[in-house]
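Student: One file: data24.tsv (TSV, C-alpha atoms).
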chain	number	residue	atom	x	y	z
E	710	MET	CA	0.00	0.00	0.00
E	711	SER	CA	1.51	3.28	-1.06
E	712	ASN	CA	0.49	5.58	1.82
E	713	GLY	CA	-0.97	3.20	4.41
E	714	MET	CA	-4.39	4.91	4.37
E	715	ASP	CA	-7.71	3.23	3.70
E	716	GLY	CA	-9.14	5.96	1.47
E	717	HIS	CA	-11.05	7.67	4.29
E	718	GLY	CA	-8.00	9.13	5.97
E	719	GLN	CA	-7.70	6.17	8.37
E	720	ALA	CA	-4.44	4.29	8.73
E	721	GLU	CA	-4.60	0.64	7.69
E	722	SER	CA	-3.12	-2.01	9.95
E	723	PRO	CA	-1.16	-4.88	8.37
E	724	VAL	CA	-3.82	-7.33	9.54
E	725	GLN	CA	-6.57	-5.22	7.99
E	726	SER	CA	-4.67	-5.07	4.70
E	727	VAL	CA	-4.23	-8.84	4.63
E	728	ASP	CA	-7.89	-9.37	5.51
E	729	ARG	CA	-8.98	-7.10	2.68
E	730	ALA	CA	-6.64	-8.79	0.21
E	731	VAL	CA	-8.14	-12.17	1.11
E	732	ALA	CA	-11.62	-10.69	0.72
E	733	VAL	CA	-10.70	-9.61	-2.82
E	734	LEU	CA	-9.60	-13.14	-3.68
E	735	GLU	CA	-12.78	-14.59	-2.20
E	736	LEU	CA	-14.88	-12.12	-4.20
E	737	LEU	CA	-13.17	-13.11	-7.45
E	738	ALA	CA	-13.55	-16.78	-6.57
E	739	ARG	CA	-17.31	-16.30	-6.16
E	740	GLN	CA	-18.07	-14.27	-9.25
E	741	ALA	CA	-15.10	-14.89	-11.56
E	742	GLU	CA	-14.37	-11.22	-12.26
E	743	ALA	CA	-14.88	-7.78	-10.74
E	744	GLY	CA	-13.94	-4.19	-11.39
E	745	ILE	CA	-12.46	-1.72	-8.93
E	746	THR	CA	-15.88	-0.21	-8.21
E	747	GLU	CA	-17.27	-3.63	-7.29
E	748	ILE	CA	-14.25	-4.47	-5.19
E	749	ALA	CA	-14.47	-1.18	-3.33
E	750	ALA	CA	-18.17	-1.72	-2.64
E	751	GLU	CA	-17.53	-5.25	-1.39
E	752	LEU	CA	-14.84	-4.05	1.01
E	753	GLY	CA	-16.55	-0.82	1.97
E	754	VAL	CA	-13.49	1.26	1.05
E	755	HIS	CA	-12.60	4.07	-1.32
E	756	LYS	CA	-11.79	3.06	-4.89
E	757	SER	CA	-8.17	4.20	-4.43
E	758	THR	CA	-7.75	1.66	-1.63
E	759	ALA	CA	-9.34	-1.08	-3.71
E	760	SER	CA	-7.06	-0.18	-6.59
E	761	ARG	CA	-3.94	-0.42	-4.43
E	762	LEU	CA	-5.04	-3.83	-3.17
E	763	ALA	CA	-5.65	-5.06	-6.70
E	764	VAL	CA	-2.28	-3.77	-7.91
E	765	ALA	CA	-0.46	-5.42	-5.00
E	766	LEU	CA	-2.17	-8.75	-5.72
E	767	GLU	CA	-1.47	-8.37	-9.42
E	768	MET	CA	2.25	-7.85	-8.75
E	769	ARG	CA	2.28	-11.21	-6.98
E	770	GLY	CA	0.38	-12.89	-9.82
E	771	LEU	CA	-2.59	-13.63	-7.57
E	772	VAL	CA	-4.97	-11.60	-9.73
E	773	GLU	CA	-4.78	-10.34	-13.31
E	774	GLN	CA	-6.57	-7.77	-15.43
E	775	MET	CA	-8.54	-9.15	-18.32
E	776	GLU	CA	-7.61	-6.11	-20.42
E	777	GLU	CA	-6.03	-2.72	-19.86
E	778	ARG	CA	-7.95	-0.97	-17.06
E	779	GLY	CA	-10.47	-3.82	-17.24
E	780	LYS	CA	-11.91	-6.11	-14.63
E	781	TYR	CA	-9.81	-8.39	-12.47
E	782	ARG	CA	-9.89	-12.16	-12.19
E	783	LEU	CA	-7.88	-14.72	-10.23
E	784	GLY	CA	-4.31	-15.11	-11.49
E	785	LEU	CA	-2.12	-18.09	-12.21
E	786	GLY	CA	-0.09	-17.39	-9.08
E	787	LEU	CA	-2.89	-19.04	-7.11
E	788	VAL	CA	-2.45	-22.20	-9.17
E	789	ARG	CA	1.19	-22.30	-8.11
E	790	LEU	CA	0.29	-21.90	-4.44
E	791	ALA	CA	-2.55	-24.40	-4.61
E	792	GLY	CA	-0.34	-26.85	-6.44
E	793	ALA	CA	2.33	-26.64	-3.75
E	794	ALA	CA	-0.25	-27.31	-1.03
E	795	ALA	CA	-1.78	-30.16	-3.00
E	796	VAL	CA	1.62	-31.77	-3.53
E	797	ARG	CA	2.31	-31.75	0.21
E	798	LEU	CA	-1.06	-33.26	1.03
E	799	ASP	CA	-0.75	-35.82	-1.74
E	800	LEU	CA	2.80	-36.62	-0.68
E	801	SER	CA	1.70	-37.72	2.78
E	802	GLN	CA	-1.24	-39.72	1.45
E	803	GLN	CA	0.69	-41.50	-1.29
E	804	SER	CA	3.78	-42.22	0.79
E	805	ARG	CA	2.09	-43.73	3.84
E	806	PRO	CA	1.46	-47.28	2.54
E	807	VAL	CA	4.88	-47.39	0.89
E	808	CYS	CA	6.58	-46.27	4.10
E	809	GLU	CA	4.66	-48.86	6.11
E	810	ARG	CA	5.94	-51.62	3.82
E	811	LEU	CA	9.46	-50.23	3.97
E	812	ALA	CA	9.40	-50.13	7.78
E	813	ALA	CA	8.37	-53.78	7.86
E	814	GLU	CA	11.02	-54.71	5.26
E	815	LEU	CA	13.91	-52.94	6.99
E	816	ALA	CA	12.60	-53.31	10.55
E	817	GLU	CA	13.56	-49.69	11.24
E	818	THR	CA	11.88	-46.30	11.57
E	819	ILE	CA	10.85	-44.54	8.34
E	820	ASN	CA	10.41	-40.78	8.11
E	821	LEU	CA	9.02	-38.46	5.46
E	822	ALA	CA	10.59	-34.98	5.39
E	823	ILE	CA	10.09	-31.81	3.39
E	824	LEU	CA	12.20	-28.70	2.95
E	825	ASP	CA	11.20	-25.76	5.14
E	826	GLY	CA	13.56	-22.84	4.67
E	827	ASP	CA	16.92	-23.81	6.15
E	828	ALA	CA	15.75	-27.06	7.70
E	829	ALA	CA	14.15	-30.39	6.93
E	830	VAL	CA	10.83	-30.96	8.70
E	831	ASN	CA	9.58	-34.48	9.31
E	832	VAL	CA	5.88	-34.64	8.47
E	833	ASP	CA	5.21	-38.36	8.92
E	834	GLN	CA	6.79	-41.35	10.61
E	835	VAL	CA	6.29	-45.11	10.60
E	836	LEU	CA	7.93	-47.03	13.43
E	837	GLY	CA	9.65	-50.29	12.71
E	838	PRO	CA	8.87	-53.49	14.61
E	839	SER	CA	12.11	-53.45	16.62
E	840	VAL	CA	11.86	-53.06	20.36
E	841	ILE	CA	14.47	-50.30	20.39
E	842	THR	CA	13.28	-47.50	18.11
E	843	THR	CA	14.25	-43.90	17.54
E	844	HIS	CA	12.11	-41.22	19.16
E	845	ASN	CA	9.26	-39.37	17.49
E	846	TRP	CA	10.61	-37.06	14.77
E	847	VAL	CA	7.27	-35.74	13.46
E	848	GLY	CA	7.23	-31.95	13.44
E	849	ARG	CA	10.89	-31.71	14.32
E	850	ARG	CA	13.12	-29.38	12.31
E	851	THR	CA	16.47	-30.97	11.57
E	852	PRO	CA	19.61	-29.44	10.03
E	853	LEU	CA	20.08	-29.98	6.33
E	854	HIS	CA	23.82	-30.65	6.45
E	855	ALA	CA	23.71	-33.22	9.26
E	856	THR	CA	20.84	-35.51	8.19
E	857	SER	CA	20.29	-37.88	5.31
E	858	SER	CA	16.98	-36.24	4.36
E	859	GLY	CA	18.60	-32.83	4.57
E	860	LYS	CA	21.41	-33.84	2.26
E	861	VAL	CA	18.92	-35.19	-0.26
E	862	LEU	CA	17.01	-31.90	-0.18
E	863	LEU	CA	20.24	-29.89	-0.46
E	864	ALA	CA	21.50	-32.00	-3.35
E	865	HIS	CA	18.52	-31.09	-5.51
E	866	LEU	CA	18.43	-27.35	-4.81
E	867	PRO	CA	19.26	-24.85	-7.55
E	868	GLU	CA	22.85	-23.62	-7.29
E	869	VAL	CA	21.88	-20.17	-6.00
E	870	ALA	CA	19.71	-21.64	-3.23
E	871	LEU	CA	22.42	-24.14	-2.31
E	872	ASN	CA	25.07	-21.42	-2.10
E	873	SER	CA	22.81	-19.44	0.20
E	874	ARG	CA	22.39	-22.35	2.61
E	875	LEU	CA	26.10	-23.12	2.67
E	876	ALA	CA	27.19	-19.49	3.09
E	877	GLY	CA	27.05	-19.43	6.87
E	878	PRO	CA	28.87	-21.62	9.39
E	879	LEU	CA	27.66	-25.21	9.62
E	880	GLU	CA	26.98	-26.30	13.19
E	881	ARG	CA	28.74	-29.35	14.57
E	882	TYR	CA	26.49	-31.82	16.40
E	883	THR	CA	28.87	-34.78	16.78
E	884	PRO	CA	32.53	-35.41	15.94
E	885	ARG	CA	31.36	-36.83	12.59
E	886	THR	CA	29.24	-33.86	11.49
E	887	VAL	CA	30.46	-32.43	8.18
E	888	THR	CA	31.06	-28.71	8.67
E	889	ASP	CA	33.31	-28.00	5.66
E	890	PRO	CA	31.11	-26.67	2.80
E	891	GLU	CA	33.43	-28.03	0.13
E	892	VAL	CA	33.42	-31.51	1.63
E	893	LEU	CA	29.64	-31.32	1.84
E	894	ARG	CA	29.43	-30.26	-1.81
E	895	GLN	CA	31.41	-33.35	-2.78
E	896	GLN	CA	29.01	-35.49	-0.76
E	897	LEU	CA	26.04	-33.89	-2.52
E	898	GLU	CA	27.52	-34.84	-5.89
E	899	THR	CA	27.64	-38.44	-4.68
E	900	VAL	CA	24.05	-38.17	-3.47
E	901	ARG	CA	22.91	-37.08	-6.93
E	902	ALA	CA	24.89	-39.87	-8.57
E	903	ASP	CA	23.81	-42.66	-6.19
E	904	GLY	CA	20.21	-41.55	-5.73
E	905	TYR	CA	20.40	-41.62	-1.95
E	906	ALA	CA	22.24	-39.99	0.96
E	907	ALA	CA	23.71	-41.64	4.02
E	908	CYS	CA	24.59	-40.16	7.41
E	909	THR	CA	26.65	-41.98	10.00
E	910	GLU	CA	26.34	-40.49	13.47
E	911	GLU	CA	26.32	-36.92	12.12
E	912	LEU	CA	23.29	-35.61	14.02
E	913	GLU	CA	23.35	-37.91	17.03
E	914	THR	CA	25.98	-40.36	18.22
E	915	ALA	CA	25.05	-43.97	17.46
E	916	LEU	CA	22.32	-42.98	14.98
E	917	ASN	CA	22.64	-43.79	11.27
E	918	ALA	CA	20.25	-42.95	8.45
E	919	VAL	CA	19.72	-43.21	4.70
E	920	ALA	CA	17.34	-41.11	2.57
E	921	ALA	CA	16.21	-40.84	-1.05
E	922	PRO	CA	14.31	-38.12	-2.93
E	923	VAL	CA	10.64	-38.17	-3.83
E	924	PHE	CA	9.88	-36.28	-7.05
E	925	ALA	CA	6.60	-34.54	-7.86
E	926	TYR	CA	4.91	-34.71	-11.25
E	927	ASN	CA	6.85	-31.62	-12.41
E	928	GLY	CA	10.25	-33.14	-11.65
E	929	GLN	CA	10.82	-31.04	-8.53
E	930	VAL	CA	11.80	-32.77	-5.30
E	931	ALA	CA	8.72	-32.91	-3.08
E	932	GLY	CA	10.40	-34.50	-0.08
E	933	ALA	CA	12.66	-37.26	1.15
E	934	ILE	CA	12.02	-40.69	2.60
E	935	SER	CA	14.54	-41.91	5.15
E	936	VAL	CA	15.28	-44.92	7.27
E	937	SER	CA	17.05	-44.40	10.58
E	938	GLY	CA	18.19	-46.65	13.36
E	939	PRO	CA	20.88	-47.27	15.95
E	940	SER	CA	24.31	-47.84	14.48
E	941	PHE	CA	24.63	-51.30	16.03
E	942	ARG	CA	21.64	-52.39	13.92
E	943	LEU	CA	21.79	-50.07	10.90
E	944	ALA	CA	25.54	-50.53	10.59
E	945	GLU	CA	27.66	-48.70	8.02
E	946	HIS	CA	28.20	-51.79	5.88
E	947	LEU	CA	24.40	-52.15	5.58
E	948	LEU	CA	23.78	-48.59	4.40
E	949	PRO	CA	24.15	-49.29	0.66
E	950	GLN	CA	21.58	-52.11	0.91
E	951	ALA	CA	19.25	-49.87	2.90
E	952	GLY	CA	19.88	-47.09	0.40
E	953	ALA	CA	18.72	-49.28	-2.48
E	954	ALA	CA	15.51	-50.16	-0.61
E	955	VAL	CA	14.77	-46.54	0.31
E	956	ARG	CA	15.53	-45.40	-3.24
E	957	ALA	CA	13.09	-47.96	-4.64
E	958	ALA	CA	10.39	-46.88	-2.16
E	959	ALA	CA	10.93	-43.21	-3.00
E	960	ALA	CA	10.68	-44.01	-6.71
E	961	GLU	CA	7.36	-45.76	-6.08
E	962	VAL	CA	5.99	-42.72	-4.27
E	963	SER	CA	7.30	-40.50	-7.07
E	964	ALA	CA	5.39	-42.60	-9.58
E	965	ARG	CA	2.26	-42.31	-7.45
E	966	LEU	CA	2.68	-38.53	-7.61
E	967	GLY	CA	2.84	-38.66	-11.41
E	968	HIS	CA	6.58	-38.34	-11.90
E	969	VAL	CA	7.18	-39.98	-15.28
E	970	GLY	CA	10.90	-40.39	-14.67
E	971	ALA	CA	10.31	-42.67	-11.68
E	972	ASN	CA	11.29	-46.29	-12.09
Give the structure from this file in structure tokens form.
Tutor:
Amino acid sequence: MSNGMDGHGQAESPVQSVDRAVAVLELLARQAEAGITEIAAELGVHKSTASRLAVALEMRGLVEQMEERGKYRLGLGLVRLAGAAAVRLDLSQQSRPVCERLAAELAETINLAILDGDAAVNVDQVLGPSVITTHNWVGRRTPLHATSSGKVLLAHLPEVALNSRLAGPLERYTPRTVTDPEVLRQQLETVRADGYAACTEELETALNAVAAPVFAYNGQVAGAISVSGPSFRLAEHLLPQAGAAVRAAAAEVSARLGHVGAN
């Protein structure tokens, strides 16, 4: 908003501005299109305020003008946002049965993680049948450089985004945590080549893990499936075998999401 006023000389609060922007989107969803006069009447504001709202939404691609100075309709930016939400919901639904089978096959805990800014967030977990299991990871934010899921998500980032995440110091969690960005970059090349990432006691002592990427229909990485367990059970010499199983499970979920390159 250019001057922070609502058109009647009253200052707009950020919450009020957001509420009005959402109201514009809801109006266009109901009646397909609307002009500034209609939008202003719906919101009960001056036309200048309605115009500023429409321009701000247009700049984000959330609405678009049908012609110069014409009526507004919902923009393709909403398709992008809706698609991202749908992928996350679909990811959890489609991965659950696959992860349950994988947990039974490997007798270890299986996690599903997604990228959230500078961390990996575990959004689902299936416990293995072993008596000794890892704790609940659902909802926990974990560092990208010190986890198998995180390394998978890092490995498939665009170069600019990867550089940004490796620009700052990398925290050490155990003596085996990789904190050298160049060493980590070399590991990420191996992750891309092998199709899975392995971590040996890098986040917690005596905890090993392997993860593989899940691809959405558009070829973008939607998340990562990982298996984790105590190092005495999920020993280092077993990680390649576990990696192959996790990679196959991730490929199955990718296919369920419509990724044509999955095999």
Student: With all atoms listed in the file as the basis for distance, which of E:Ala953, E:Ala730, E:Leu737, E:Ala816 is at the shortest distance from Val764 (chain E)?
Tutor: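 Among the listed residues, E:Ala730 lies closest to Val764 (chain E).
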Student: Looking at E:Gly848, E:Val869, E:Pro949, E:Glu898, which one is nearest to Asp825 (chain E), with distances taken over all atoms listed in the file?
Tutor: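 Of E:Gly848, E:Val869, E:Pro949, E:Glu898, the one nearest Asp825 (chain E), counting all atoms listed in the file, is E:Gly848.
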Student: Given the choices E:Leu916, E:Gln834, E:Leu762, E:Val807, which gets closest to Val727 (chain E) if the distance is worked out from all atoms listed in the file?
Tutor: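 Closest candidate: E:Leu762.
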Student: Grab the CA of Ala958 (chain E) to CA of Arg885 (chain E) distance for me, in Å with one decimal place.
Tutor: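 Result for CA of Ala958 (chain E) versus CA of Arg885 (chain E): 27.5 Å, one decimal.
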Student: Taking only C-alpha atoms into account, which of E:Leu811, E:Leu734, E:Ala749, E:Ala743 comes nearest Gly784 (chain E)?
Tutor: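 For Gly784 (chain E), the nearest of the candidates is E:Leu734.
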